[in-house]
Amino acid sequence: MPNLIQSLQNQDIGYLRIVAELWGIEIPTGEASIVAEHLASAMRDPVLLEEVISNLPPDALNALQALQQSGGKIPWSTFTRRFGKLREMGAGRRDRERPYLNPISPVEVLWYRGLIGRAFFDTGSGAEEFAYLPQDLLPLLPLPHAQSPTVFGRRATPKERAHIHLANDLILDHACTLLAALRIGLPLDPSPYPLNSLPYPLVPTALKALLHAAALIDDQGTPLAEPTRAFLESSRAEALALLSRTWLNSTTFNELRLMPGLRCEGEWENNPLATRQRILGFLVDIPRDSWWHLDAFVADIRKHHPDFQRPAGDYDSWFIRDESTAEYLRGFEHWDKVDGALVRYIITGPMHWLGLIDLASPSAEQPVVAFRFSRWAEALLQGNPPQGLATEDETFLISRDGRIRIPRYTPRAARYLLARFSEWEDENEQGYRYRLTAASLERAKQQGLKVDHLLTLLRRHALVVPPSLIQAVQRWERHGSEASLENLLILRVKSPRMLQKLRASRANRFLVESLSPHAVIVKPGAADKVLAVLAELGYLGEISKSD
């Protein structure tokens, strides 16, 4: 950081005279550089410095101490948002209006006393403007009052946390479902997975982004065979730890671009990993066993660290649109809709999905207002498998008509393989329902799966395999489908003679297969044409409406 002389030499002679007046320092006549050197020397006098500091208004002293506690510099946008603005004015206007006699903010108090400077410094995201303390003045300042670690927010009351949504490991089951869907090419349903807690249910796009970050699927969304096998065969605790480690360290899982209700446009970039780490840093001092009020936590972040994800406090260059109103959310006035919403999303979305956070609300019908670290959080935040997750040892339940019910704690690897052989029917709290059909077996065959794989899977994981189902699957392998159901358009007539006349007419090209002397199959879409020909032949007909 610049020293005191460097800070003062950048100013005009009028500013230097103001500093000297407020410090009670006699300065020589001459050029600004000479005045700056004399002034800097006098300002480094410990006795005079202590006198000036002791006479600062309390809010200006707080601003000075905030700079000390931040290592001597704070981004200018953050500093002025917290401690007030510095009115921009030229030397002539300043000397006429004399703002230093009636400062409007702690920032102006410190600025006109020469205690702070303003300059651009290099950061990891480029040049950023900072408020700073001159480096040779910093060690001379009185030590700031000792403060206890800042814990943002407050405890939630019992009423605020009456209805609890405990963290769970359902994300593992949904990951198995999504991997199977991607493997067989099923279209992704954009609706949330069932059995997820509000306010941000897990949706396939977010889970797909996490699986990609975990290197389980490639850039085209295709599961990678060996990593997928290892993930599905691992214990639930190990699998949950893998997904949590992925989220904690990912540079590609971008919560801001995944958050519902917002649409990010343009070429700008944010840093999701740095943002995530900052939010986790705000959470670190919250007592592990305490319910914490979400809104109060977010409000304190806005007060103390509003720029946690914004390089240089930039609220204008990111093009983010509110999907409900199509309004662009640019400027600090939209902090709650973007930055505050992101804090809420990370806590009540990914951290809840991954088993790190329990949520609570005043009632089942009211929104989430409280959170706490889950029973698994300590292990997961360290990247370790937590204790207490269920063992996957349940078995398939199979009926003779090919329907299969898979309880939730059946081995995920087995369900993944069975899902590739089956039609998908339903999911509920008890588990998953699938059905073996000729079409599903044909699809599996096209992916290189064999009937022997299916029969081995059923015998290994089913309580009982009906012999008739084994026989049906084996017959399909030898003969293919031996029966089919079709929706057909059928013409029925009163007498065989009517059908004979129709066969002899130009309508014959619309008739397919005769079912009896009184019935024939009609090509799809030809009903009106056949009725028209019948009318020409002297017969009126109608299209029957089925119930």
# chains A, B, ... in the order shown; residues from 1 in each chain; ligands from 1
call {"tool": "residues_around", "arguments": {"residues": "His38 (chain A)", "least_positions_apart": "5", "cutoff": "9 Å", "atoms": "only C-alpha atoms", "output": "tab-separated table (two decimals) with all heavy atoms, in the first residue's frame"}}
result
chain	number	residue	atom	x	y	z
A	5	ILE	N	3.33	9.90	2.54
A	5	ILE	CA	3.80	10.91	1.58
A	5	ILE	C	3.20	10.64	0.20
A	5	ILE	O	2.72	11.57	-0.48
A	5	ILE	CB	5.34	10.94	1.52
A	5	ILE	CG1	5.90	11.51	2.82
A	5	ILE	CG2	5.82	11.77	0.33
A	5	ILE	CD1	7.41	11.54	2.86
A	27	ILE	N	2.01	24.66	8.15
A	27	ILE	CA	2.70	24.16	6.96
A	27	ILE	C	3.42	25.29	6.26
A	27	ILE	O	3.00	26.46	6.32
A	27	ILE	CB	1.70	23.48	5.99
A	27	ILE	CG1	0.56	24.43	5.59
A	27	ILE	CG2	1.16	22.20	6.59
A	27	ILE	CD1	-0.36	23.88	4.53
A	28	PRO	N	4.51	24.98	5.56
A	28	PRO	CA	5.27	26.01	4.86
A	28	PRO	C	4.58	26.41	3.57
A	28	PRO	O	3.70	25.71	3.07
A	28	PRO	CB	6.61	25.34	4.59
A	28	PRO	CG	6.26	23.89	4.44
A	28	PRO	CD	5.13	23.65	5.43
A	33	SER	N	4.36	19.29	-3.26
A	33	SER	CA	5.23	18.19	-2.86
A	33	SER	C	5.97	18.51	-1.56
A	33	SER	O	6.15	17.64	-0.70
A	33	SER	CB	6.22	17.87	-3.98
A	33	SER	OG	7.03	19.01	-4.27
A	43	MET	N	2.28	14.31	10.79
A	43	MET	CA	1.19	13.38	11.07
A	43	MET	C	1.69	12.07	11.67
A	43	MET	O	0.91	11.34	12.29
A	43	MET	CB	0.41	13.09	9.77
A	43	MET	CG	-0.41	14.28	9.27
A	43	MET	SD	-1.11	14.01	7.61
A	43	MET	CE	-2.29	12.70	7.94
call {"tool": "residues_around", "arguments": {"residues": "Trp291 (chain A)", "least_positions_apart": "4", "cutoff": "9 Å", "atoms": "only C-alpha atoms", "output": "PyMOL selection string"}}
result
chain A and resi 154-158+161+287+358-360+370-373
call {"tool": "closest_residue", "arguments": {"among": "A:Leu342, A:Leu22, A:Leu458, A:Leu49", "to": "Arg257 (chain A)", "atoms": "only C-alpha atoms"}}
result
A:Leu342
call {"tool": "atom_distance", "arguments": {"atom1": "CA of Arg405 (chain A)", "atom2": "CA of Pro386 (chain A)"}}
result
28.5 Å
call {"tool": "residues_around", "arguments": {"residues": "region 263-272 of chain A", "least_positions_apart": "3", "cutoff": "12 Å", "atoms": "only C-alpha atoms", "output": "short mmCIF file (atom, residue, chain, number, x, y, z; two decimals) with all heavy atoms, in the first residue's frame"}}
result
data_model
loop_
_atom_site.label_atom_id
_atom_site.label_comp_id
_atom_site.auth_asym_id
_atom_site.auth_seq_id
_atom_site.Cartn_x
_atom_site.Cartn_y
_atom_site.Cartn_z
N GLY A 124 -6.97 -10.95 -7.56
CA GLY A 124 -7.06 -12.13 -8.40
C GLY A 124 -8.03 -11.98 -9.55
O GLY A 124 -7.96 -12.71 -10.54
N SER A 125 -8.96 -11.02 -9.45
CA SER A 125 -9.93 -10.80 -10.52
C SER A 125 -9.69 -9.51 -11.26
O SER A 125 -10.57 -8.99 -11.93
CB SER A 125 -11.35 -10.80 -9.92
OG SER A 125 -11.46 -9.83 -8.89
N TRP A 247 -19.02 -30.99 -4.49
CA TRP A 247 -19.66 -29.67 -4.36
C TRP A 247 -18.74 -28.68 -3.66
O TRP A 247 -18.58 -27.54 -4.09
CB TRP A 247 -20.97 -29.81 -3.60
CG TRP A 247 -21.64 -28.49 -3.38
CD1 TRP A 247 -22.30 -27.73 -4.29
CD2 TRP A 247 -21.68 -27.75 -2.15
NE1 TRP A 247 -22.75 -26.57 -3.72
CE2 TRP A 247 -22.39 -26.55 -2.41
CE3 TRP A 247 -21.17 -27.98 -0.87
CZ2 TRP A 247 -22.61 -25.60 -1.41
CZ3 TRP A 247 -21.41 -27.03 0.12
CH2 TRP A 247 -22.11 -25.86 -0.16
N LEU A 248 -18.10 -29.11 -2.59
CA LEU A 248 -17.24 -28.21 -1.82
C LEU A 248 -16.10 -27.65 -2.65
O LEU A 248 -15.66 -26.52 -2.45
CB LEU A 248 -16.67 -28.94 -0.60
CG LEU A 248 -17.65 -29.20 0.55
CD1 LEU A 248 -17.05 -30.18 1.55
CD2 LEU A 248 -18.02 -27.91 1.25
N ASN A 249 -15.60 -28.44 -3.61
CA ASN A 249 -14.38 -28.06 -4.34
C ASN A 249 -14.59 -27.75 -5.81
O ASN A 249 -13.62 -27.45 -6.51
CB ASN A 249 -13.35 -29.20 -4.21
CG ASN A 249 -12.96 -29.47 -2.77
OD1 ASN A 249 -12.42 -28.61 -2.09
ND2 ASN A 249 -13.24 -30.66 -2.29
N SER A 250 -15.83 -27.78 -6.28
CA SER A 250 -16.07 -27.64 -7.72
C SER A 250 -15.95 -26.19 -8.19
O SER A 250 -16.48 -25.27 -7.56
CB SER A 250 -17.45 -28.18 -8.07
OG SER A 250 -17.72 -27.95 -9.45
N THR A 251 -15.28 -26.03 -9.33
CA THR A 251 -15.22 -24.71 -9.99
C THR A 251 -16.27 -24.61 -11.10
O THR A 251 -16.45 -23.54 -11.67
CB THR A 251 -13.84 -24.49 -10.61
OG1 THR A 251 -13.57 -25.53 -11.56
CG2 THR A 251 -12.76 -24.50 -9.54
N THR A 252 -16.96 -25.71 -11.39
CA THR A 252 -17.92 -25.72 -12.50
C THR A 252 -19.37 -25.76 -12.05
O THR A 252 -20.26 -25.36 -12.80
CB THR A 252 -17.67 -26.93 -13.43
OG1 THR A 252 -17.83 -28.15 -12.69
CG2 THR A 252 -16.28 -26.87 -14.02
N PHE A 253 -19.64 -26.26 -10.84
CA PHE A 253 -21.02 -26.28 -10.34
C PHE A 253 -21.36 -24.86 -9.92
O PHE A 253 -20.89 -24.36 -8.89
CB PHE A 253 -21.17 -27.25 -9.16
CG PHE A 253 -22.59 -27.43 -8.70
CD1 PHE A 253 -23.42 -28.35 -9.32
CD2 PHE A 253 -23.11 -26.67 -7.66
CE1 PHE A 253 -24.73 -28.52 -8.91
CE2 PHE A 253 -24.42 -26.83 -7.24
CZ PHE A 253 -25.23 -27.76 -7.86
N ASN A 254 -22.18 -24.19 -10.71
CA ASN A 254 -22.39 -22.75 -10.58
C ASN A 254 -23.80 -22.46 -10.06
O ASN A 254 -24.76 -22.41 -10.82
CB ASN A 254 -22.16 -22.08 -11.93
CG ASN A 254 -22.00 -20.57 -11.81
OD1 ASN A 254 -22.49 -19.95 -10.88
ND2 ASN A 254 -21.30 -19.99 -12.76
N GLU A 255 -23.91 -22.29 -8.75
CA GLU A 255 -25.22 -22.09 -8.14
C GLU A 255 -25.95 -20.87 -8.70
O GLU A 255 -27.18 -20.89 -8.83
CB GLU A 255 -25.08 -21.94 -6.62
CG GLU A 255 -24.65 -23.21 -5.90
CD GLU A 255 -23.14 -23.35 -5.77
OE1 GLU A 255 -22.41 -22.64 -6.51
OE2 GLU A 255 -22.68 -24.17 -4.95
N LEU A 256 -25.22 -19.80 -8.99
CA LEU A 256 -25.87 -18.58 -9.48
C LEU A 256 -26.60 -18.85 -10.79
O LEU A 256 -27.69 -18.32 -11.03
CB LEU A 256 -24.83 -17.47 -9.67
CG LEU A 256 -25.37 -16.11 -10.12
CD1 LEU A 256 -26.36 -15.56 -9.10
CD2 LEU A 256 -24.23 -15.12 -10.34
N ARG A 257 -26.02 -19.67 -11.66
CA ARG A 257 -26.64 -19.97 -12.96
C ARG A 257 -27.65 -21.10 -12.87
O ARG A 257 -28.40 -21.34 -13.81
CB ARG A 257 -25.57 -20.28 -14.00
CG ARG A 257 -24.72 -19.04 -14.32
CD ARG A 257 -23.64 -19.32 -15.36
NE ARG A 257 -22.88 -18.12 -15.64
CZ ARG A 257 -23.17 -17.23 -16.59
NH1 ARG A 257 -24.21 -17.43 -17.36
NH2 ARG A 257 -22.41 -16.16 -16.78
N LEU A 258 -27.67 -21.82 -11.76
CA LEU A 258 -28.64 -22.90 -11.58
C LEU A 258 -29.85 -22.47 -10.76
O LEU A 258 -30.87 -23.17 -10.74
CB LEU A 258 -27.96 -24.09 -10.87
CG LEU A 258 -26.93 -24.88 -11.67
CD1 LEU A 258 -26.11 -25.78 -10.76
CD2 LEU A 258 -27.59 -25.69 -12.77
N MET A 259 -29.76 -21.33 -10.09
CA MET A 259 -30.80 -20.92 -9.16
C MET A 259 -32.12 -20.65 -9.89
O MET A 259 -32.14 -19.88 -10.86
CB MET A 259 -30.34 -19.67 -8.40
CG MET A 259 -31.27 -19.26 -7.29
SD MET A 259 -30.52 -18.06 -6.14
CE MET A 259 -29.91 -16.83 -7.28
N PRO A 260 -33.22 -21.26 -9.46
CA PRO A 260 -34.52 -21.02 -10.10
C PRO A 260 -34.93 -19.56 -9.98
O PRO A 260 -34.64 -18.88 -9.00
CB PRO A 260 -35.47 -21.92 -9.30
CG PRO A 260 -34.60 -22.94 -8.65
CD PRO A 260 -33.30 -22.25 -8.39
N THR A 275 -17.14 -17.94 -4.15
CA THR A 275 -18.40 -17.53 -3.51
C THR A 275 -18.83 -18.56 -2.49
O THR A 275 -19.23 -18.23 -1.36
CB THR A 275 -19.48 -17.35 -4.58
OG1 THR A 275 -19.10 -16.29 -5.46
CG2 THR A 275 -20.82 -17.04 -3.95
N ARG A 276 -18.78 -19.82 -2.86
CA ARG A 276 -19.19 -20.90 -1.95
C ARG A 276 -18.32 -20.89 -0.69
O ARG A 276 -18.81 -21.05 0.43
CB ARG A 276 -19.06 -22.24 -2.69
CG ARG A 276 -19.71 -23.42 -2.01
CD ARG A 276 -19.51 -24.68 -2.85
NE ARG A 276 -19.93 -24.48 -4.22
CZ ARG A 276 -19.14 -24.68 -5.28
NH1 ARG A 276 -17.88 -25.06 -5.11
NH2 ARG A 276 -19.61 -24.48 -6.49
N GLN A 277 -17.02 -20.71 -0.87
CA GLN A 277 -16.11 -20.70 0.28
C GLN A 277 -16.38 -19.51 1.19
O GLN A 277 -16.28 -19.63 2.42
CB GLN A 277 -14.67 -20.69 -0.22
CG GLN A 277 -14.26 -22.01 -0.87
CD GLN A 277 -12.88 -21.96 -1.51
OE1 GLN A 277 -12.37 -20.88 -1.83
NE2 GLN A 277 -12.28 -23.11 -1.71
N ARG A 278 -16.75 -18.36 0.60
CA ARG A 278 -17.07 -17.21 1.44
C ARG A 278 -18.31 -17.49 2.28
O ARG A 278 -18.35 -17.18 3.48
CB ARG A 278 -17.32 -15.97 0.57
CG ARG A 278 -16.11 -15.41 -0.13
CD ARG A 278 -15.06 -14.86 0.81
NE ARG A 278 -15.53 -13.80 1.70
CZ ARG A 278 -15.63 -12.52 1.35
NH1 ARG A 278 -15.30 -12.13 0.13
NH2 ARG A 278 -16.03 -11.62 2.23
N ILE A 279 -19.34 -18.07 1.68
CA ILE A 279 -20.56 -18.36 2.42
C ILE A 279 -20.30 -19.39 3.52
O ILE A 279 -20.79 -19.26 4.65
CB ILE A 279 -21.67 -18.82 1.46
CG1 ILE A 279 -22.08 -17.65 0.55
CG2 ILE A 279 -22.88 -19.34 2.22
CD1 ILE A 279 -23.05 -18.01 -0.54
N PHE A 308 -19.65 -10.27 -1.31
CA PHE A 308 -18.98 -11.57 -1.17
C PHE A 308 -18.76 -12.29 -2.50
O PHE A 308 -17.88 -13.12 -2.62
CB PHE A 308 -19.76 -12.48 -0.21
CG PHE A 308 -21.13 -12.88 -0.70
CD1 PHE A 308 -21.29 -14.03 -1.45
CD2 PHE A 308 -22.24 -12.11 -0.42
CE1 PHE A 308 -22.55 -14.41 -1.91
CE2 PHE A 308 -23.50 -12.49 -0.88
CZ PHE A 308 -23.65 -13.63 -1.62
N GLN A 309 -19.56 -11.99 -3.52
CA GLN A 309 -19.36 -12.65 -4.81
C GLN A 309 -19.08 -11.66 -5.94
O GLN A 309 -18.98 -12.07 -7.09
CB GLN A 309 -20.59 -13.49 -5.17
CG GLN A 309 -21.83 -12.69 -5.52
CD GLN A 309 -22.88 -13.49 -6.27
OE1 GLN A 309 -22.58 -14.54 -6.87
NE2 GLN A 309 -24.11 -13.03 -6.24
N ARG A 310 -18.94 -10.38 -5.62
CA ARG A 310 -18.82 -9.35 -6.65
C ARG A 310 -17.41 -8.76 -6.70
O ARG A 310 -17.02 -8.02 -5.80
CB ARG A 310 -19.81 -8.21 -6.37
CG ARG A 310 -21.25 -8.64 -6.26
CD ARG A 310 -21.90 -8.73 -7.61
NE ARG A 310 -23.33 -8.96 -7.48
CZ ARG A 310 -24.20 -8.77 -8.45
NH1 ARG A 310 -23.79 -8.33 -9.62
NH2 ARG A 310 -25.48 -9.02 -8.27
N PRO A 311 -16.64 -9.03 -7.74
CA PRO A 311 -15.33 -8.39 -7.88
C PRO A 311 -15.51 -6.88 -7.94
O PRO A 311 -16.32 -6.36 -8.70
CB PRO A 311 -14.80 -8.94 -9.20
CG PRO A 311 -15.57 -10.19 -9.45
CD PRO A 311 -16.93 -9.96 -8.82
N ASP A 314 -18.93 -4.78 -8.16
CA ASP A 314 -19.59 -4.46 -9.44
C ASP A 314 -20.99 -5.06 -9.48
O ASP A 314 -21.16 -6.28 -9.53
CB ASP A 314 -18.73 -5.01 -10.58
CG ASP A 314 -19.35 -4.78 -11.94
OD1 ASP A 314 -20.33 -4.02 -12.02
OD2 ASP A 314 -18.85 -5.35 -12.92
N TYR A 315 -22.00 -4.20 -9.50
CA TYR A 315 -23.39 -4.64 -9.57
C TYR A 315 -24.05 -4.27 -10.89
O TYR A 315 -25.27 -4.34 -11.01
CB TYR A 315 -24.19 -4.04 -8.40
CG TYR A 315 -23.83 -4.64 -7.08
CD1 TYR A 315 -22.73 -4.16 -6.36
CD2 TYR A 315 -24.53 -5.72 -6.55
CE1 TYR A 315 -22.37 -4.72 -5.15
CE2 TYR A 315 -24.17 -6.28 -5.34
CZ TYR A 315 -23.09 -5.79 -4.64
OH TYR A 315 -22.74 -6.35 -3.44
N ASP A 316 -23.25 -3.90 -11.88
CA ASP A 316 -23.82 -3.42 -13.14
C ASP A 316 -23.46 -4.25 -14.36
O ASP A 316 -24.19 -4.26 -15.34
CB ASP A 316 -23.39 -1.97 -13.40
CG ASP A 316 -23.97 -1.02 -12.37
OD1 ASP A 316 -25.18 -1.10 -12.10
OD2 ASP A 316 -23.21 -0.21 -11.82
N SER A 317 -22.33 -4.96 -14.33
CA SER A 317 -21.87 -5.65 -15.55
C SER A 317 -22.43 -7.06 -15.69
O SER A 317 -22.29 -7.66 -16.75
CB SER A 317 -20.34 -5.69 -15.59
OG SER A 317 -19.84 -6.48 -14.53
N TRP A 318 -23.06 -7.61 -14.64
CA TRP A 318 -23.66 -8.93 -14.74
C TRP A 318 -25.11 -8.77 -15.21
O TRP A 318 -25.91 -8.10 -14.56
CB TRP A 318 -23.66 -9.65 -13.40
CG TRP A 318 -22.29 -10.03 -12.91
CD1 TRP A 318 -21.10 -9.73 -13.50
CD2 TRP A 318 -21.98 -10.77 -11.73
NE1 TRP A 318 -20.06 -10.25 -12.77
CE2 TRP A 318 -20.58 -10.90 -11.67
CE3 TRP A 318 -22.74 -11.34 -10.73
CZ2 TRP A 318 -19.93 -11.56 -10.64
CZ3 TRP A 318 -22.10 -12.01 -9.69
CH2 TRP A 318 -20.72 -12.13 -9.65
N PHE A 319 -25.42 -9.40 -16.33
CA PHE A 319 -26.78 -9.33 -16.87
C PHE A 319 -27.59 -10.51 -16.33
O PHE A 319 -27.45 -11.64 -16.79
CB PHE A 319 -26.74 -9.33 -18.39
CG PHE A 319 -26.22 -8.05 -18.97
CD1 PHE A 319 -24.85 -7.86 -19.14
CD2 PHE A 319 -27.09 -7.03 -19.32
CE1 PHE A 319 -24.36 -6.67 -19.66
CE2 PHE A 319 -26.60 -5.83 -19.83
CZ PHE A 319 -25.23 -5.65 -20.01
N ILE A 320 -28.42 -10.22 -15.33
CA ILE A 320 -29.24 -11.25 -14.68
C ILE A 320 -30.69 -10.78 -14.76
O ILE A 320 -31.02 -9.69 -14.32
CB ILE A 320 -28.82 -11.47 -13.22
CG1 ILE A 320 -27.33 -11.87 -13.16
CG2 ILE A 320 -29.69 -12.52 -12.55
CD1 ILE A 320 -26.80 -12.01 -11.76
N ARG A 321 -31.54 -11.64 -15.29
CA ARG A 321 -32.94 -11.28 -15.51
C ARG A 321 -33.85 -12.06 -14.56
O ARG A 321 -33.65 -13.24 -14.31
CB ARG A 321 -33.33 -11.59 -16.96
CG ARG A 321 -34.65 -10.95 -17.40
CD ARG A 321 -35.08 -11.48 -18.76
NE ARG A 321 -34.24 -11.06 -19.84
CZ ARG A 321 -34.43 -9.95 -20.56
NH1 ARG A 321 -35.44 -9.14 -20.25
NH2 ARG A 321 -33.63 -9.65 -21.56
N ASP A 322 -34.82 -11.36 -14.01
CA ASP A 322 -35.87 -12.00 -13.21
C ASP A 322 -36.82 -12.69 -14.18
O ASP A 322 -37.46 -12.04 -15.01
CB ASP A 322 -36.60 -10.93 -12.38
CG ASP A 322 -37.63 -11.54 -11.44
OD1 ASP A 322 -38.27 -12.54 -11.81
OD2 ASP A 322 -37.79 -11.00 -10.33
N GLU A 323 -36.93 -14.02 -14.09
CA GLU A 323 -37.75 -14.76 -15.05
C GLU A 323 -39.24 -14.44 -14.93
O GLU A 323 -39.97 -14.54 -15.91
CB GLU A 323 -37.53 -16.27 -14.89
CG GLU A 323 -36.14 -16.72 -15.37
CD GLU A 323 -36.02 -18.22 -15.37
OE1 GLU A 323 -36.78 -18.88 -14.63
OE2 GLU A 323 -35.16 -18.75 -16.10
N SER A 324 -39.68 -14.04 -13.77
CA SER A 324 -41.11 -13.78 -13.61
C SER A 324 -41.52 -12.42 -14.16
O SER A 324 -42.65 -12.25 -14.62
CB SER A 324 -41.50 -13.86 -12.13
OG SER A 324 -40.81 -12.86 -11.38
N THR A 325 -40.61 -11.45 -14.15
CA THR A 325 -40.94 -10.10 -14.62
C THR A 325 -40.17 -9.69 -15.86
O THR A 325 -40.48 -8.66 -16.47
CB THR A 325 -40.65 -9.06 -13.52
OG1 THR A 325 -39.23 -9.03 -13.27
CG2 THR A 325 -41.39 -9.41 -12.23
N ALA A 326 -39.13 -10.47 -16.23
CA ALA A 326 -38.23 -10.15 -17.35
C ALA A 326 -37.39 -8.91 -17.06
O ALA A 326 -36.70 -8.40 -17.95
CB ALA A 326 -38.99 -9.99 -18.66
N GLU A 327 -37.38 -8.43 -15.82
CA GLU A 327 -36.60 -7.25 -15.45
C GLU A 327 -35.14 -7.62 -15.24
O GLU A 327 -34.82 -8.67 -14.66
CB GLU A 327 -37.17 -6.66 -14.16
CG GLU A 327 -36.39 -5.48 -13.61
CD GLU A 327 -36.86 -5.06 -12.22
OE1 GLU A 327 -37.66 -5.81 -11.62
OE2 GLU A 327 -36.43 -3.99 -11.74
N TYR A 328 -34.22 -6.76 -15.72
CA TYR A 328 -32.80 -6.95 -15.43
C TYR A 328 -32.52 -6.48 -14.01
O TYR A 328 -32.89 -5.37 -13.61
CB TYR A 328 -31.93 -6.18 -16.41
CG TYR A 328 -31.76 -6.90 -17.73
CD1 TYR A 328 -32.33 -6.39 -18.90
CD2 TYR A 328 -31.04 -8.08 -17.82
CE1 TYR A 328 -32.18 -7.05 -20.11
CE2 TYR A 328 -30.89 -8.76 -19.02
CZ TYR A 328 -31.47 -8.23 -20.16
OH TYR A 328 -31.32 -8.89 -21.35
N LEU A 329 -31.84 -7.30 -13.24
CA LEU A 329 -31.56 -7.02 -11.83
C LEU A 329 -30.15 -6.45 -11.70
O LEU A 329 -29.25 -7.11 -11.21
CB LEU A 329 -31.74 -8.30 -11.01
CG LEU A 329 -33.10 -8.97 -11.15
CD1 LEU A 329 -33.13 -10.28 -10.36
CD2 LEU A 329 -34.22 -8.05 -10.71
N ARG A 330 -29.97 -5.23 -12.13
CA ARG A 330 -28.67 -4.56 -12.08
C ARG A 330 -28.70 -3.48 -11.01
O ARG A 330 -29.69 -2.79 -10.82
CB ARG A 330 -28.32 -3.96 -13.44
CG ARG A 330 -28.23 -5.01 -14.55
CD ARG A 330 -28.04 -4.37 -15.90
NE ARG A 330 -26.74 -3.71 -16.02
CZ ARG A 330 -26.36 -3.00 -17.08
NH1 ARG A 330 -27.20 -2.86 -18.09
NH2 ARG A 330 -25.18 -2.45 -17.12
N VAL A 338 -30.78 -11.19 -5.86
CA VAL A 338 -29.68 -11.93 -6.49
C VAL A 338 -28.74 -12.48 -5.43
O VAL A 338 -28.71 -13.69 -5.17
CB VAL A 338 -28.92 -11.04 -7.49
CG1 VAL A 338 -27.75 -11.82 -8.11
CG2 VAL A 338 -29.85 -10.53 -8.58
N LEU A 342 -29.06 -15.96 -3.46
CA LEU A 342 -28.04 -16.99 -3.65
C LEU A 342 -27.63 -17.61 -2.32
O LEU A 342 -27.44 -18.83 -2.22
CB LEU A 342 -26.82 -16.40 -4.36
CG LEU A 342 -25.68 -17.39 -4.60
CD1 LEU A 342 -26.10 -18.48 -5.56
CD2 LEU A 342 -24.45 -16.67 -5.13
N VAL A 343 -27.48 -16.79 -1.28
CA VAL A 343 -27.14 -17.33 0.05
C VAL A 343 -28.23 -18.30 0.50
O VAL A 343 -27.95 -19.41 0.96
CB VAL A 343 -26.97 -16.19 1.07
CG1 VAL A 343 -26.72 -16.77 2.46
CG2 VAL A 343 -25.83 -15.26 0.67
N ILE A 346 -28.07 -21.61 -1.61
CA ILE A 346 -26.97 -22.52 -1.26
C ILE A 346 -27.26 -23.25 0.04
O ILE A 346 -27.02 -24.47 0.15
CB ILE A 346 -25.65 -21.73 -1.19
CG1 ILE A 346 -25.18 -21.39 -2.62
CG2 ILE A 346 -24.58 -22.52 -0.45
CD1 ILE A 346 -23.91 -20.57 -2.69
#
call {"tool": "residues_around", "arguments": {"residues": "Asp136 (chain A)", "least_positions_apart": "6", "cutoff": "10 Å", "atoms": "only C-alpha atoms", "output": "ChimeraX atom specification"}}
result
/A:1-5,40,44
call {"tool": "closest_residue", "arguments": {"among": "A:Arg408, A:Thr437, A:Ala535, A:Ser544", "to": "Leu170 (chain A)", "atoms": "only C-alpha atoms"}}
result
A:Arg408
call {"tool": "closest_residue", "arguments": {"among": "A:Ile53, A:Val520, A:Leu240, A:Ala413", "to": "Leu380 (chain A)", "atoms": "only C-alpha atoms"}}
result
A:Leu240
call {"tool": "select_by_dssp", "arguments": {"residues": "region 133-368 of chain A", "states": "alpha helix (DSSP H)", "output": "PyMOL selection string"}}
result
chain A and resi 170-184+204-213+225-233+236-249+255-258+272-283+294-304+335+341-348+350-353
call {"tool": "residues_around", "arguments": {"residues": "Ser244 (chain A)", "least_positions_apart": "3", "cutoff": "12 Å", "atoms": "only C-alpha atoms", "output": "ChimeraX atom specification"}}
result
/A:169,171-172,210-211,213-214,237-241,247-250,253,350-357,376-386
call {"tool": "residues_around", "arguments": {"residues": "Leu537 (chain A)", "least_positions_apart": "3", "cutoff": "9 Å", "atoms": "only C-alpha atoms", "output": "MDAnalysis selection string"}}
result
chainID A and resid 498 501:502 505 532:534 540
call {"tool": "residues_around", "arguments": {"residues": "region 440-449 of chain A", "least_positions_apart": "4", "cutoff": "8 Å", "atoms": "only C-alpha atoms", "output": "PyMOL selection string"}}
result
chain A and resi 184+420-423+436+453
call {"tool": "write_last_selection", "arguments": {"atoms": "C-alpha atoms", "output": "PDB file, in the first residue's frame"}}
result
ATOM      1  CA  ILE A 184     -30.883 -45.395 -21.923  1.00  0.00           C
ATOM      2  CA  ARG A 420     -32.080 -50.367 -18.153  1.00  0.00           C
ATOM      3  CA  PHE A 421     -34.096 -53.575 -18.789  1.00  0.00           C
ATOM      4  CA  SER A 422     -37.489 -52.124 -17.821  1.00  0.00           C
ATOM      5  CA  GLU A 423     -40.276 -49.690 -18.474  1.00  0.00           C
ATOM      6  CA  LEU A 436     -40.479 -55.948 -18.009  1.00  0.00           C
ATOM      7  CA  HIS A 453     -27.643 -60.578 -17.295  1.00  0.00           C
TER       8      HIS A 453
END
call {"tool": "closest_residue", "arguments": {"among": "A:Leu67, A:Leu166, A:Leu141, A:Val19", "to": "Gly114 (chain A)", "atoms": "only C-alpha atoms"}}
result
A:Val19
call {"tool": "closest_residue", "arguments": {"among": "A:Arg82, A:Arg113, A:Arg375, A:Lys337", "to": "Ile18 (chain A)", "atoms": "only C-alpha atoms"}}
result
A:Arg113
